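Participant: So that you have it, the file is upload07.tsv, and it contains TSV, C-alpha atoms:
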```
chain	number	residue	atom	x	y	z
A	30	MET	CA	3.12	6.00	64.71
A	31	ASN	CA	4.79	8.67	62.54
A	32	LYS	CA	2.11	10.85	60.90
A	33	LYS	CA	4.71	12.89	59.04
A	34	GLY	CA	5.93	9.73	57.38
A	35	GLN	CA	2.38	9.01	56.20
A	36	MET	CA	2.25	12.46	54.58
A	37	HIS	CA	5.43	11.67	52.61
A	38	THR	CA	3.84	8.44	51.36
A	39	ILE	CA	0.61	10.18	50.29
A	40	GLU	CA	2.65	12.81	48.46
A	41	ALA	CA	4.62	10.16	46.66
A	42	ILE	CA	1.49	8.27	45.61
A	43	LEU	CA	-0.20	11.42	44.32
A	44	ALA	CA	2.93	12.48	42.45
A	45	LEU	CA	3.09	9.02	40.88
A	46	MET	CA	-0.58	9.28	39.86
A	47	ILE	CA	0.07	12.62	38.17
A	48	ILE	CA	3.04	11.22	36.25
A	49	ILE	CA	1.18	8.04	35.19
A	50	GLY	CA	-1.90	10.06	34.20
A	51	ILE	CA	0.08	12.44	32.01
A	52	ILE	CA	2.03	9.61	30.41
A	53	ALA	CA	-1.19	7.71	29.69
A	54	PHE	CA	-2.80	10.75	28.05
A	55	ALA	CA	0.35	11.56	26.11
A	56	ALA	CA	0.60	7.98	24.85
A	57	ARG	CA	-3.04	8.05	23.75
A	58	SER	CA	-2.56	11.23	21.77
A	59	ALA	CA	0.74	10.11	20.23
A	60	PRO	CA	0.65	9.76	16.42
A	61	GLN	CA	1.80	6.13	16.22
A	62	GLU	CA	-1.56	4.66	17.13
A	63	THR	CA	-3.55	6.47	14.45
A	64	GLN	CA	-0.78	5.86	11.95
A	65	ILE	CA	-0.85	2.10	12.53
A	66	GLU	CA	-4.66	2.10	12.31
A	67	SER	CA	-4.64	4.08	9.06
A	68	SER	CA	-1.83	1.95	7.69
A	69	ILE	CA	-3.83	-1.24	8.33
A	70	ASP	CA	-6.93	0.25	6.68
A	71	THR	CA	-4.90	1.28	3.65
A	72	GLN	CA	-3.33	-2.16	3.30
A	73	LEU	CA	-6.71	-3.92	3.59
A	74	MET	CA	-8.21	-1.56	1.01
A	75	LEU	CA	-5.31	-2.24	-1.37
A	76	TYR	CA	-5.59	-6.03	-0.92
A	77	GLY	CA	-9.29	-5.81	-1.79
A	78	GLU	CA	-8.95	-3.42	-4.72
A	79	ASP	CA	-5.99	-5.30	-6.19
A	80	PHE	CA	-7.71	-8.66	-5.88
A	81	LEU	CA	-10.93	-7.44	-7.54
A	82	SER	CA	-8.86	-5.65	-10.18
A	83	ILE	CA	-7.05	-8.88	-11.06
A	84	LEU	CA	-10.32	-10.85	-11.19
A	85	ASP	CA	-11.72	-8.11	-13.44
A	86	MET	CA	-8.66	-7.91	-15.70
A	87	GLU	CA	-10.02	-7.89	-19.22
A	88	ASN	CA	-8.87	-10.07	-22.04
A	89	GLU	CA	-8.77	-8.91	-25.63
A	90	THR	CA	-12.54	-9.33	-25.99
A	91	HIS	CA	-13.09	-7.10	-22.94
A	92	ARG	CA	-14.42	-9.97	-20.82
A	93	SER	CA	-13.03	-10.88	-17.42
A	94	GLU	CA	-13.23	-13.69	-14.87
A	95	LEU	CA	-15.29	-11.41	-12.62
A	96	TYR	CA	-17.69	-10.63	-15.48
A	97	ASP	CA	-18.22	-14.31	-16.23
A	98	ARG	CA	-18.74	-15.21	-12.57
A	99	VAL	CA	-21.22	-12.39	-11.91
A	100	ASN	CA	-23.00	-13.47	-15.09
A	101	GLY	CA	-23.28	-17.03	-13.70
A	102	THR	CA	-24.87	-18.34	-10.51
A	103	PHE	CA	-23.92	-16.88	-7.15
A	104	GLY	CA	-23.09	-20.36	-5.85
A	105	ASP	CA	-20.38	-20.76	-8.50
A	106	PHE	CA	-19.18	-17.20	-7.85
A	107	LYS	CA	-18.83	-17.88	-4.11
A	108	SER	CA	-16.90	-21.11	-4.49
A	109	ASN	CA	-14.70	-19.75	-7.29
A	110	PHE	CA	-13.99	-16.58	-5.31
A	111	SER	CA	-13.04	-18.66	-2.28
A	112	ASP	CA	-10.67	-20.80	-4.39
A	113	GLN	CA	-8.99	-17.75	-5.92
A	114	TRP	CA	-8.76	-15.92	-2.58
A	115	ASN	CA	-7.11	-18.91	-0.91
A	116	GLN	CA	-4.32	-18.72	-3.51
A	117	THR	CA	-3.15	-15.46	-1.92
A	118	ASN	CA	-2.37	-16.95	1.54
A	119	LEU	CA	-4.09	-13.90	3.04
A	120	THR	CA	-6.47	-15.98	5.15
A	121	GLU	CA	-3.50	-17.73	6.77
A	122	ARG	CA	-2.15	-14.26	7.58
A	123	GLY	CA	-5.39	-13.30	9.34
A	124	VAL	CA	-7.22	-11.40	6.59
A	125	PHE	CA	-10.85	-12.55	6.43
A	126	TYR	CA	-13.53	-11.53	3.95
A	127	LYS	CA	-17.24	-11.22	3.28
A	128	LEU	CA	-18.49	-11.16	-0.33
A	129	GLU	CA	-21.74	-9.52	-1.41
A	130	LEU	CA	-23.42	-8.84	-4.72
A	131	TYR	CA	-25.74	-5.83	-5.00
A	132	ASN	CA	-27.94	-5.24	-8.01
A	133	GLY	CA	-28.99	-1.69	-7.26
A	134	THR	CA	-32.12	-2.43	-5.23
A	135	ASN	CA	-31.22	-5.19	-2.79
A	136	LEU	CA	-28.43	-7.49	-1.78
A	137	GLN	CA	-28.83	-10.55	-3.95
A	138	ASN	CA	-26.93	-12.85	-1.70
A	139	PHE	CA	-23.87	-12.88	0.44
A	140	SER	CA	-21.03	-15.14	1.39
A	141	ALA	CA	-19.53	-14.70	4.84
A	142	PRO	CA	-17.44	-17.84	5.42
A	143	TYR	CA	-15.69	-16.18	8.37
A	144	GLY	CA	-18.76	-14.64	10.00
A	145	GLU	CA	-19.89	-11.04	10.11
A	146	PRO	CA	-17.20	-8.35	9.87
A	147	PRO	CA	-16.31	-6.18	12.87
A	148	GLN	CA	-16.95	-2.43	12.92
A	149	ASN	CA	-13.44	-1.51	11.75
A	150	ALA	CA	-13.66	-3.67	8.60
A	151	VAL	CA	-12.87	-2.12	5.22
A	152	THR	CA	-15.24	-2.46	2.24
A	153	VAL	CA	-14.16	-2.12	-1.38
A	154	THR	CA	-16.49	-2.29	-4.35
A	155	ARG	CA	-16.31	-2.87	-8.07
A	156	LEU	CA	-19.05	-2.33	-10.62
A	157	VAL	CA	-19.69	-5.00	-13.23
A	158	THR	CA	-21.96	-4.20	-16.15
A	159	LEU	CA	-23.56	-7.24	-17.75
A	160	VAL	CA	-24.66	-6.83	-21.33
A	161	ASN	CA	-27.22	-9.53	-22.09
A	162	THR	CA	-30.74	-8.98	-23.42
A	163	GLU	CA	-30.78	-5.97	-21.13
A	164	VAL	CA	-27.99	-4.10	-19.35
A	165	GLU	CA	-27.61	-4.96	-15.66
A	166	VAL	CA	-25.21	-3.25	-13.28
A	167	TYR	CA	-23.94	-5.21	-10.28
A	168	GLU	CA	-21.80	-4.01	-7.42
A	169	VAL	CA	-19.38	-6.57	-6.05
A	170	ARG	CA	-18.74	-5.72	-2.40
A	171	LEU	CA	-15.75	-7.19	-0.65
A	172	THR	CA	-15.37	-6.50	3.07
A	173	LEU	CA	-12.01	-7.27	4.64
A	174	TRP	CA	-10.75	-7.32	8.20
A	175	TYR	CA	-7.90	-8.60	10.30
A	176	ILE	CA	-8.32	-11.18	13.04
B	12	MET	CA	12.57	19.11	58.06
B	13	ASP	CA	10.18	16.19	58.49
B	14	ASP	CA	6.90	17.65	57.17
B	15	GLY	CA	5.67	16.90	53.65
B	16	GLN	CA	7.02	19.43	51.17
B	17	VAL	CA	3.74	19.97	49.32
B	18	SER	CA	0.31	20.57	50.76
B	19	MET	CA	-2.60	18.24	50.01
B	20	ASP	CA	-4.66	21.07	48.55
B	21	PHE	CA	-1.92	21.97	46.12
B	22	LEU	CA	-1.46	18.35	45.04
B	23	MET	CA	-5.16	17.87	44.41
B	24	ALA	CA	-5.40	21.13	42.48
B	25	ILE	CA	-2.35	20.47	40.31
B	26	THR	CA	-3.60	16.93	39.57
B	27	ILE	CA	-6.96	18.16	38.36
B	28	PHE	CA	-5.37	21.03	36.44
B	29	ALA	CA	-2.74	18.84	34.72
B	30	LEU	CA	-5.26	16.16	33.71
B	31	GLY	CA	-7.68	18.81	32.46
B	32	LEU	CA	-4.98	20.56	30.46
B	33	VAL	CA	-3.78	17.33	28.80
B	34	LEU	CA	-7.37	16.30	28.04
B	35	LEU	CA	-8.06	19.70	26.47
B	36	ILE	CA	-4.91	19.64	24.36
B	37	SER	CA	-5.56	16.09	23.17
B	38	GLN	CA	-9.03	17.15	21.97
B	39	VAL	CA	-7.65	19.82	19.63
B	40	PRO	CA	-7.23	18.06	16.29
B	41	MET	CA	-3.99	18.46	14.38
B	42	LEU	CA	-2.36	20.41	17.22
B	43	PHE	CA	0.70	18.19	17.05
B	44	ALA	CA	0.64	17.80	13.26
B	45	PRO	CA	3.68	20.03	12.58
B	46	LEU	CA	5.69	17.88	14.97
B	47	GLN	CA	4.54	14.58	13.46
B	48	THR	CA	5.92	14.87	9.94
B	49	VAL	CA	8.68	12.33	10.40
B	50	SER	CA	6.41	9.57	11.62
B	51	THR	CA	3.22	10.32	9.71
B	52	ASP	CA	4.38	11.22	6.22
B	53	ILE	CA	6.02	7.87	5.40
B	54	GLN	CA	2.81	5.89	4.99
B	55	PRO	CA	1.34	8.16	2.28
B	56	VAL	CA	4.71	8.15	0.50
B	57	ALA	CA	4.79	4.33	0.49
B	58	TYR	CA	1.19	4.30	-0.75
B	59	ARG	CA	1.99	6.79	-3.52
B	60	THR	CA	5.09	4.86	-4.59
B	61	SER	CA	3.08	1.64	-4.86
B	62	MET	CA	0.42	3.50	-6.88
B	63	ILE	CA	3.05	4.89	-9.27
B	64	LEU	CA	4.51	1.44	-9.85
B	65	VAL	CA	1.31	-0.62	-10.06
B	66	GLU	CA	-1.26	1.72	-11.58
B	67	ASP	CA	0.90	3.81	-13.87
B	68	GLY	CA	2.98	2.88	-16.87
B	69	GLY	CA	5.55	5.63	-16.42
B	70	VAL	CA	6.33	8.76	-18.42
B	71	TYR	CA	8.91	9.06	-21.19
B	72	GLU	CA	9.39	12.39	-22.93
B	73	ASN	CA	11.00	12.37	-26.36
B	74	GLU	CA	13.23	15.43	-26.20
B	75	THR	CA	13.17	15.92	-29.99
B	76	THR	CA	9.46	15.62	-30.69
B	77	GLY	CA	8.20	16.50	-27.19
B	78	TYR	CA	5.83	13.53	-27.29
B	79	ILE	CA	5.03	11.80	-24.01
B	80	ARG	CA	4.45	8.06	-23.82
B	81	SER	CA	4.19	5.38	-21.16
B	82	ASP	CA	6.39	2.65	-22.69
B	83	TRP	CA	9.60	4.07	-21.24
B	84	GLU	CA	11.28	0.67	-21.38
B	85	ASP	CA	11.23	0.69	-25.20
B	86	PRO	CA	10.37	4.20	-26.40
B	87	GLU	CA	11.76	3.73	-29.91
B	88	GLU	CA	9.86	0.44	-30.37
B	89	TYR	CA	13.01	-1.39	-31.53
B	90	GLY	CA	12.78	-4.00	-28.78
B	91	TRP	CA	15.90	-2.63	-27.10
B	92	ASN	CA	16.67	-3.49	-23.50
B	93	TYR	CA	17.74	-0.94	-20.88
B	94	ASN	CA	21.45	-1.05	-21.75
B	95	GLN	CA	20.76	-0.69	-25.48
B	96	ASN	CA	18.47	2.27	-24.77
B	97	CYS	CA	21.27	3.94	-22.77
B	98	ILE	CA	23.72	3.43	-25.63
B	99	ASN	CA	21.45	4.32	-28.54
B	100	ILE	CA	19.27	7.10	-27.13
B	101	THR	CA	20.81	10.39	-26.02
B	102	ASN	CA	19.95	11.23	-22.42
B	103	TYR	CA	17.71	8.15	-22.13
B	104	THR	CA	17.59	8.08	-18.32
B	105	ASP	CA	16.91	11.82	-18.19
B	106	ASN	CA	14.07	11.45	-20.69
B	107	VAL	CA	12.37	8.95	-18.39
B	108	LYS	CA	10.40	11.30	-16.15
B	109	ARG	CA	8.64	8.67	-14.06
B	110	ILE	CA	9.01	4.93	-13.64
B	111	GLY	CA	5.82	2.87	-13.74
B	112	LEU	CA	5.47	-0.86	-14.25
B	113	ALA	CA	1.87	-1.22	-15.52
B	114	MET	CA	1.79	-2.76	-18.97
B	115	SER	CA	1.15	-0.53	-21.97
B	116	THR	CA	-1.70	-1.75	-24.16
B	117	ARG	CA	0.70	-1.54	-27.12
B	118	GLU	CA	2.71	-4.32	-25.52
B	119	LEU	CA	-0.47	-6.37	-25.10
B	120	GLY	CA	-1.24	-5.85	-28.78
B	121	TRP	CA	-4.65	-4.23	-28.25
B	122	PRO	CA	-4.76	-1.53	-30.91
B	123	SER	CA	-8.49	-1.01	-30.37
B	124	SER	CA	-8.21	-0.32	-26.66
B	125	SER	CA	-8.90	3.20	-25.47
B	126	GLU	CA	-6.80	2.64	-22.35
B	127	ASP	CA	-3.11	3.42	-22.38
B	128	ILE	CA	-2.08	0.99	-19.64
B	129	VAL	CA	-3.58	-1.92	-17.69
B	130	PRO	CA	-3.39	-1.30	-13.90
B	131	ASN	CA	-2.15	-4.20	-11.75
B	132	ASN	CA	-0.83	-6.00	-14.83
B	133	LEU	CA	2.91	-5.47	-14.68
B	134	SER	CA	5.06	-5.65	-17.79
B	135	VAL	CA	7.93	-8.08	-17.45
B	136	ASN	CA	9.91	-5.87	-19.85
B	137	LYS	CA	9.43	-2.84	-17.60
B	138	ILE	CA	10.33	-4.89	-14.52
B	139	THR	CA	13.52	-6.12	-16.23
B	140	ALA	CA	14.41	-2.58	-17.33
B	141	PHE	CA	13.83	-1.35	-13.76
B	142	GLN	CA	16.11	-4.06	-12.34
B	143	ASP	CA	18.76	-3.33	-15.01
B	144	TRP	CA	18.60	0.37	-14.15
B	145	TRP	CA	19.28	-0.47	-10.49
B	146	ASN	CA	22.22	-2.65	-11.56
B	147	ASP	CA	23.61	0.30	-13.61
B	148	THR	CA	25.59	1.93	-10.79
B	149	ALA	CA	26.34	5.04	-12.87
B	150	ASN	CA	22.64	5.95	-13.14
B	151	GLN	CA	21.31	4.17	-10.04
B	152	SER	CA	20.99	7.38	-8.03
B	153	LYS	CA	18.49	8.80	-10.54
B	154	ILE	CA	15.85	6.19	-9.63
B	155	VAL	CA	14.87	7.88	-6.37
B	156	GLY	CA	13.76	10.98	-8.28
B	157	LYS	CA	11.85	8.97	-10.89
B	158	LEU	CA	9.81	7.35	-8.09
B	159	GLY	CA	8.96	10.70	-6.50
B	160	LEU	CA	11.04	9.90	-3.42
B	161	ARG	CA	13.05	13.13	-3.51
B	162	VAL	CA	10.81	15.98	-2.43
B	163	THR	CA	11.02	19.43	-0.87
B	164	TYR	CA	9.10	20.04	2.36
B	165	ASN	CA	9.17	23.45	4.05
B	166	ASN	CA	12.15	24.34	1.80
B	167	ASN	CA	14.05	21.32	3.08
B	168	PRO	CA	15.04	18.61	0.60
B	169	ILE	CA	13.93	15.16	1.77
B	170	THR	CA	15.12	11.89	0.25
B	171	TYR	CA	13.41	8.66	1.23
B	172	SER	CA	15.11	5.28	1.25
B	173	TYR	CA	13.34	2.43	-0.47
B	174	ASN	CA	13.36	-1.30	-1.00
B	175	ILE	CA	11.13	-2.78	-3.71
B	176	SER	CA	10.76	-6.46	-4.57
B	177	LEU	CA	8.43	-8.93	-6.26
B	178	ARG	CA	7.54	-11.87	-4.04
B	179	ASP	CA	5.27	-14.87	-4.15
B	180	PHE	CA	2.50	-15.00	-1.53
B	181	ASP	CA	4.76	-17.05	0.76
B	182	ASP	CA	7.34	-14.22	0.58
B	183	THR	CA	9.75	-16.13	-1.70
B	184	LEU	CA	11.31	-13.84	-4.29
B	185	VAL	CA	9.89	-14.28	-7.79
B	186	ASN	CA	12.60	-16.15	-9.72
B	187	SER	CA	14.38	-16.75	-6.44
B	188	SER	CA	17.71	-17.85	-7.98
B	189	ASP	CA	17.89	-14.72	-10.17
B	190	PRO	CA	15.26	-12.36	-8.70
B	191	LEU	CA	13.04	-10.66	-11.24
B	192	LEU	CA	12.88	-7.51	-9.10
B	193	GLN	CA	14.84	-6.79	-5.95
B	194	ILE	CA	16.15	-3.25	-5.73
B	195	GLY	CA	16.91	-0.60	-3.14
B	196	ASP	CA	18.68	-0.21	0.15
B	197	SER	CA	18.85	-2.81	2.90
B	198	ILE	CA	15.84	-2.51	5.20
B	199	PRO	CA	16.96	-1.34	8.67
B	200	THR	CA	16.07	-3.93	11.27
B	201	SER	CA	17.26	-2.17	14.40
B	202	GLY	CA	17.03	1.30	15.88
B	203	SER	CA	14.03	3.60	15.98
B	204	ILE	CA	13.56	4.01	12.23
B	205	THR	CA	9.95	3.61	11.08
B	206	VAL	CA	9.75	1.46	7.96
B	207	GLU	CA	6.43	1.63	6.12
B	208	LYS	CA	5.56	-1.45	4.08
B	209	ILE	CA	2.84	-1.67	1.44
B	210	GLU	CA	2.00	-4.88	-0.41
B	211	ARG	CA	0.21	-4.87	-3.76
B	212	ILE	CA	-1.24	-7.92	-5.47
B	213	VAL	CA	-0.16	-7.80	-9.10
B	214	ALA	CA	-0.23	-9.93	-12.23
B	215	ILE	CA	2.95	-10.36	-14.23
B	216	GLY	CA	1.97	-10.22	-17.87
B	217	ASN	CA	3.49	-11.45	-21.11
B	218	THR	CA	5.80	-14.02	-19.59
B	219	THR	CA	5.85	-17.77	-19.21
B	220	ASP	CA	9.27	-18.35	-17.74
B	221	VAL	CA	9.03	-16.96	-14.21
B	222	THR	CA	9.01	-19.15	-11.13
B	223	ASN	CA	7.51	-18.54	-7.67
B	224	THR	CA	4.28	-16.99	-8.86
B	225	THR	CA	0.68	-18.06	-8.17
B	226	SER	CA	-2.09	-18.39	-10.73
B	227	ILE	CA	-5.21	-16.32	-9.96
B	228	ALA	CA	-8.01	-16.11	-12.53
B	229	GLY	CA	-5.58	-17.30	-15.20
B	230	HIS	CA	-2.95	-14.64	-14.43
B	231	GLU	CA	0.50	-15.27	-12.95
B	232	CYS	CA	0.32	-13.25	-9.75
B	233	ALA	CA	2.67	-12.14	-6.99
B	234	LYS	CA	3.10	-9.35	-4.44
B	235	LEU	CA	4.91	-6.11	-5.11
B	236	VAL	CA	6.42	-5.22	-1.74
B	237	VAL	CA	7.34	-1.55	-1.27
B	238	CYS	CA	9.23	-0.49	1.88
B	239	ILE	CA	9.92	3.20	2.54
B	240	TRP	CA	11.80	4.88	5.38
B	241	ARG	CA	13.90	7.96	6.18
```
Re-express the file's structure as structure tokens.
Facilitator:
Amino acid sequence: MNKKGQMHTIEAILALMIIIGIIAFAARSAPQETQIESSIDTQLMLYGEDFLSILDMENETHRSELYDRVNGTFGDFKSNFSDQWNQTNLTERGVFYKLELYNGTNLQNFSAPYGEPPQNAVTVTRLVTLVNTEVEVYEVRLTLWYI
Amino acid sequence: MDDGQVSMDFLMAITIFALGLVLLISQVPMLFAPLQTVSTDIQPVAYRTSMILVEDGGVYENETTGYIRSDWEDPEEYGWNYNQNCINITNYTDNVKRIGLAMSTRELGWPSSSEDIVPNNLSVNKITAFQDWWNDTANQSKIVGKLGLRVTYNNNPITYSYNISLRDFDDTLVNSSDPLLQIGDSIPTSGSITVEKIERIVAIGNTTDVTNTTSIAGHECAKLVVCIWR
């Protein structure tokens, strides 16, 4: 049995561990990972803001689809939102959503057809002011995430 | 010599020291920031470019009166197209300070509106003027400056490459036979170049004769796809 040969092997293994350890740490601190993460967040935020912006695009009388839907029943709002969202093909591309309506004191209702969002989901909001017998302010909350 | 070249004690010590050092360095935020400019600055630039195009109407400065307005595609309100503007207005392309595609409320015919432009609602006239400008090879090189893609960083001039197109949600070009908007350089598909892509959902206003769009809430909608790289 050659004990000197064993020493060479141990040295090689330890050297390999050092190299792998440093590479692993360097890879973790490399910028690409955070950039991809931030890029995904930005894209989700833009999808949400753009979609709500288009739903809330005013006509000449300063009314919008979003205004009319918030002014109606939440059931209609949910199904209409789902129909409009499906037009974008985003669900097929792995972008799921949760829709909520907040009236300033509590969540009125919510629609989560794809379950609860994960921790890294992105939430965008849009305020809708209803002018009926009294003024009511609603916050439409749209939470988006990738699967 | 048959003995190991390095002692066990030294190996253990250097392992602990190296791992500790790397861990310490990785905990210091922004330590590598000066070295990351190439890879990290492209995403904000793509974001900004998409913002300029989708949420801004552009800036046109009348060099005689000094007035600034957003309807750069028809600043004299004669209904001229891009080529007519170039012929009839002195220094037209220089007077356009920034290119934006959001529709001016004047074009919508809302005299009572307090807003100057409608974000996310793109003007088909501005889109057409933008495409015509790209097709005008004599003035094509000016576009990069009007989109804010020629900047100075640490006294070094930086010019970004771009590719901008309007696509339906299945990625077909809007008006696929004669694309409504498809400008810029070819997107590199090989090599180590980082290409940052931002997609914006937009409505295309004041038009009835475009194909490959999708109706959302009564608006003809598509994606504005902005790709930026260096």
Participant: When distances are computed from all atoms listed in the file, which of A:Asp79, A:Asp105, A:Glu163, A:Glu168 shows the smallest separation from chain B?
Facilitator: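 When distances to chain B are compared using all atoms listed in the file, the smallest one comes from A:Asp79.
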Participant: Specify as a PyMOL selection string all residues of chain B found within 6 Å of chain A, counting all atoms listed in the file.
Facilitator: chain B and resi 14-15+26+37+180+212+227-228
Participant: Would you mind telling me which residue in B:Ile128, B:Cys238, B:Ala113, B:Ala214 lies nearest to B:Tyr171 when using all atoms listed in the file?
Facilitator: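 Answer, going by the shortest atom-to-atom distance: B:Cys238.
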Participant: I'd like the contact shell of stretch 141-147 of chain B - 7 Å cut-off, all atoms listed in the file, skipping same-chain residues fewer than 3 positions apart - returned as a PyMOL selection string.
Facilitator: chain B and resi 93+137-138+150-151+192+194
Participant: Using all atoms listed in the file, collect all residues at a distance of at most 8 Å from (8.7, 8.9, -21.5) as written in the file, then present them as a ChimeraX atom specification.
Facilitator: /B:69-73,78-83,86,106-109
Participant: So the first atom is atom CA of B:Pro168 and the second is atom CA of B:Gly156; what is the distance between them in Å, to one decimal place?
Facilitator: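 Separation of atom CA of B:Pro168 and atom CA of B:Gly156: 11.8 Å.
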Participant: Can you work out which one of B:Thr101, B:Ser176, B:Thr205, B:Ser115 has the shortest atom-to-atom distance to B:Leu133, counting only C-alpha atoms?
Facilitator: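 Nearest to B:Leu133: B:Ser115.
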Participant: Report the distance between atom CA of B:Leu30 and atom CA of A:Leu45 in Å, rounded to one decimal place.
Facilitator: 13.1 Å
Participant: Mind giving me the straight-line distance from atom CA of B:Glu84 to atom CA of B:Thr183 in Å, one decimal?
Facilitator: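 Computing the Euclidean distance for atom CA of B:Glu84 and atom CA of B:Thr183 yields 25.9 Å.
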